[in-house]
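Report on one structure; see the data block that follows.
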Amino acid sequence: MAPDRRYDGPVKRSADYFINSPFSGKILQSEPMKNHCTFRTGGNAEIFLIPSDIHDILTVKKICRERGIPLFILGGGANILVSDRGIPGVTLSMEGLNRIDRKGNSLICEAGAPVNDLVTTALGESLSGLEFLSRLPGSLGGALFMNARCYGYEIADVLDWAEVLTVEGDVVRLPLNKSDWAYKKSPFQDSGDLILRGSFFLKEGNRDRMKEEMSRIALNRIEKGHFKAPSAGSTFKNNRAHGKPAGQLIDECGLKGYSVGGASVSDWHGNILINRENATSREISDLIYIVQDRVREKSGFELEPEVLRIGLWD
């Protein structure tokens with residue numbers, strides 16, 4: 001389901017569609033989404049499914065299409081803000097698809113694997129190229145969808161190919177075409193394709209040097225306060241046309257520590273909005289709008305959120 005989509009329900013859904021189907025994964029009802037996103041906020045997912053393989057995914061997509069049930073694909077929950085009213089229909093969590101395999105100097109990783117699991121696997125195999133993603137929250141699928149970028153690199157720099165399930169129901173392998181990728185932009189954002197796995201072409205590395213670089217990056221994330229409180233990491237994209245990072249623009253508005261209910265601009269970094277104390281998603285959303293308004297008034301620049309609003313929003 002698209003962010004900010006108005007849903008005209010309620011329509012009573014039944015998990016029986018999936019219980020009485022070939023679906024072999026886990027089926028949960030009224031699952032609290034605060035347990036599945038890094039902001040630790042949000043209402044319940046009406047039906048929460050964890051597939052065990054691609055056949056389960058095909059089954060879910062077929063049932064949702066035939067029954068007209070809204071379908072939201074959940075990765076690691078690191079860049080989403082779930083409405084306090086929850087998510088209607090089906091939330092399909094990719095966490096069960098988390099296999100990582102080596103083939104030559106490539107690692108092939110399923111979309112539900114945590115990004116940091118891919119990084120630590122590369123370290124164990126002495127394959128270099130993924131160190132910049134050390135301690136990045138979220139799943140591999142989410143990182144590909146957003147073309148995760150940090151420390152001067154982006155995930156497209158090491159991608160060889162991605163395998164997707166198209167909207168037509170075909171499994172297709174897509175070789176990297178760099179013209180389809182840009183800052184925080186991937187071809188999947190417009191295609192509607194569901195990312196299944198990706199292959200990353202790496203190079204033989206020195207394990208000690210890799211470990212040292214990973215430790216440096218992890219320490220930098222800690223020092224920036226990425227793990228001090230529930231958050232989505234950087235809330236806004238950095239637009240080079242602004243001439244300054246988003247965090248600096250927010251700092252210059254005097255917004256560090258500014259709060260709406262339990263949501264705050266962190267004291268330590270302007271671009272990290274946090275769930276300081278039992279915040280609601282609405283409070284975080286309102287804070288995002290206020291920060292955008294203040295920056296626009298002071299600088300004329302429009303901050304673009306990285307965070308996607310998901311579920312039943314007005």
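Here, A, B, ... name the chains of the structure tokens in the order displayed, residue numbers run from 1 inside each chain, and ligands are numbered from 1 in the same displayed order.
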
Q: Just the alpha helix (DSSP H) stuff from segment 55-250 of chain A, please, per backbone DSSP, written as a ChimeraX atom specification.
A: /A:55-67,115-124,140-145,188-191,207-223,246-250

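Neighbouring residues of Ala45 of chain A at 9 Å or closer, counting only C-alpha atoms and skipping chain neighbours under 3 positions away, are A:Leu28, A:Gln29, A:Ser30, A:Glu31, A:Pro32, A:Met33, A:Phe48, A:Gly86, A:Ile87, A:Pro88, A:Gly89, A:Val90, A:Thr91, A:Gly311.
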
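The spacing separating atom CA of Arg309 of chain A from atom CA of Cys150 of chain A amounts to 22.5 Å.
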
Polymer residues at most 8 Å from Leu140 of chain A, only C-alpha atoms, same-chain spacing of 2 or more positions, as a PDB file with N, CA and C atoms, in the first residue's frame:
```pdb
ATOM      1  N   GLY A  75       9.859  -4.557   5.152  1.00  0.00           N
ATOM      2  CA  GLY A  75      11.250  -4.978   5.250  1.00  0.00           C
ATOM      3  C   GLY A  75      11.685  -4.984   6.708  1.00  0.00           C
ATOM      4  N   CYS A 109      22.024 -12.576  -1.418  1.00  0.00           N
ATOM      5  CA  CYS A 109      21.321 -12.347  -0.153  1.00  0.00           C
ATOM      6  C   CYS A 109      19.827 -12.164  -0.398  1.00  0.00           C
ATOM      7  N   GLU A 110      19.006 -12.887   0.358  1.00  0.00           N
ATOM      8  CA  GLU A 110      17.563 -12.724   0.257  1.00  0.00           C
ATOM      9  C   GLU A 110      17.124 -11.416   0.909  1.00  0.00           C
ATOM     10  N   ALA A 111      15.983 -10.910   0.465  1.00  0.00           N
ATOM     11  CA  ALA A 111      15.564  -9.551   0.810  1.00  0.00           C
ATOM     12  C   ALA A 111      15.283  -9.342   2.288  1.00  0.00           C
ATOM     13  N   GLY A 112      14.895 -10.402   3.001  1.00  0.00           N
ATOM     14  CA  GLY A 112      14.536 -10.230   4.404  1.00  0.00           C
ATOM     15  C   GLY A 112      15.702 -10.258   5.363  1.00  0.00           C
ATOM     16  N   ALA A 113      16.900 -10.544   4.885  1.00  0.00           N
ATOM     17  CA  ALA A 113      18.064 -10.596   5.773  1.00  0.00           C
ATOM     18  C   ALA A 113      18.428  -9.199   6.262  1.00  0.00           C
ATOM     19  N   PRO A 114      18.740  -9.044   7.548  1.00  0.00           N
ATOM     20  CA  PRO A 114      19.216  -7.745   8.026  1.00  0.00           C
ATOM     21  C   PRO A 114      20.497  -7.345   7.291  1.00  0.00           C
ATOM     22  N   VAL A 115      20.603  -6.069   6.968  1.00  0.00           N
ATOM     23  CA  VAL A 115      21.784  -5.578   6.253  1.00  0.00           C
ATOM     24  C   VAL A 115      23.059  -5.936   7.006  1.00  0.00           C
ATOM     25  N   LEU A 118      24.423  -9.337   6.337  1.00  0.00           N
ATOM     26  CA  LEU A 118      25.168  -9.411   5.081  1.00  0.00           C
ATOM     27  C   LEU A 118      26.591  -8.906   5.276  1.00  0.00           C
ATOM     28  N   GLY A 138      17.741  -2.197   9.363  1.00  0.00           N
ATOM     29  CA  GLY A 138      16.846  -2.534   8.270  1.00  0.00           C
ATOM     30  C   GLY A 138      17.280  -3.767   7.497  1.00  0.00           C
ATOM     31  N   GLY A 142      14.926  -3.446   1.886  1.00  0.00           N
ATOM     32  CA  GLY A 142      14.714  -2.025   2.132  1.00  0.00           C
ATOM     33  C   GLY A 142      15.893  -1.184   1.679  1.00  0.00           C
ATOM     34  N   ALA A 143      17.104  -1.702   1.903  1.00  0.00           N
ATOM     35  CA  ALA A 143      18.311  -0.979   1.498  1.00  0.00           C
ATOM     36  C   ALA A 143      18.385  -0.848  -0.018  1.00  0.00           C
ATOM     37  N   LEU A 144      17.975  -1.891  -0.739  1.00  0.00           N
ATOM     38  CA  LEU A 144      17.946  -1.814  -2.198  1.00  0.00           C
ATOM     39  C   LEU A 144      16.849  -0.867  -2.664  1.00  0.00           C
ATOM     40  N   ARG A 197      15.822 -10.917  -3.843  1.00  0.00           N
ATOM     41  CA  ARG A 197      17.208 -11.091  -3.401  1.00  0.00           C
ATOM     42  C   ARG A 197      18.112 -10.267  -4.290  1.00  0.00           C
TER      43      ARG A 197
END
```

(Q) Applying 8 Å and only C-alpha atoms, which residues near Asn206 of chain A remain after dropping the ones on its own chain fewer than 3 positions away? List them as a ChimeraX atom specification. (A) /A:126,128,209-210

Write out the residues from the selection above, keeping N, CA and C atoms, as an mmCIF file, in the first residue's frame.
```
data_model
loop_
_atom_site.group_PDB
_atom_site.id
_atom_site.type_symbol
_atom_site.label_atom_id
_atom_site.label_comp_id
_atom_site.auth_asym_id
_atom_site.auth_seq_id
_atom_site.Cartn_x
_atom_site.Cartn_y
_atom_site.Cartn_z
ATOM 1 N N SER A 126 35.912 -12.829 4.226
ATOM 2 C CA SER A 126 36.998 -11.944 3.781
ATOM 3 C C SER A 126 36.705 -11.345 2.408
ATOM 4 N N SER A 128 35.503 -7.942 0.650
ATOM 5 C CA SER A 128 35.439 -6.514 0.967
ATOM 6 C C SER A 128 34.545 -5.760 -0.018
ATOM 7 N N ARG A 209 41.824 -5.492 8.344
ATOM 8 C CA ARG A 209 41.554 -4.134 7.875
ATOM 9 C C ARG A 209 40.050 -3.899 7.716
ATOM 10 N N MET A 210 39.345 -4.920 7.236
ATOM 11 C CA MET A 210 37.890 -4.810 7.119
ATOM 12 C C MET A 210 37.255 -4.603 8.486
#
```

Q: From a DSSP calculation on the backbone, collect every residue of segment 134-273 of chain A in strand (DSSP E) and output the set as a PyMOL selection string.
A: chain A and resi 149-150+153-154+159-165+171-175+194-201+203-204+259-260+263-265+273

Q: Determine, counting only C-alpha atoms, which protein, DNA and RNA residues have an atom within 9 Å of an atom of Asn239 of chain A; residues of the same chain fewer than 5 positions away are not included. Present the result as a PyMOL selection string.
A: chain A and resi 244-246+303-304

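Using only C-alpha atoms, the contacts of Asp84 of chain A at a cut-off of 9 Å, with sequence neighbours closer than 3 positions omitted, comprise Thr41, Gly42, Gly43, Asn44, Ile87, Thr280, Ser281, Arg282, Gly311, Leu312 and Trp313 of chain A.
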
Q | Of the listed residues A:Ile19, A:Val167, A:Leu136, A:Ala156, that which approaches Ala182 of chain A most closely, counting only C-alpha atoms | A |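 Between A:Ile19, A:Val167, A:Leu136, A:Ala156, the residue approaching Ala182 of chain A most closely is A:Ala156.
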
(Q) Rounded to one decimal, what separation in Å do you get between atom CA of Lys298 of chain A and atom CA of Gly261 of chain A? (A)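 It comes out at 23.7 Å.
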
(Q) What's around Glu154 of chain A at 10 Å? Count only C-alpha atoms, leave out sequence neighbours fewer than 4 positions away in its own chain, and write the answer as a PyMOL selection string. (A) chain A and resi 130+132-133+143-144+146-150+158-159+181-184

Each segment 183-208 of chain A residue no farther than 12 Å from segment 94-101 of chain A, nearest pair in Å, only C-alpha atoms, as CSV:
```
residue,atom,partner,partner_atom,distance
A:Leu194,CA,A:Met94,CA,10.2
A:Ile195,CA,A:Met94,CA,9.7
A:Leu196,CA,A:Leu97,CA,8.1
A:Arg197,CA,A:Leu97,CA,8.7
A:Gly198,CA,A:Ile100,CA,9.7
A:Ser199,CA,A:Asp101,CA,9.3
A:Phe200,CA,A:Asp101,CA,10.6
```
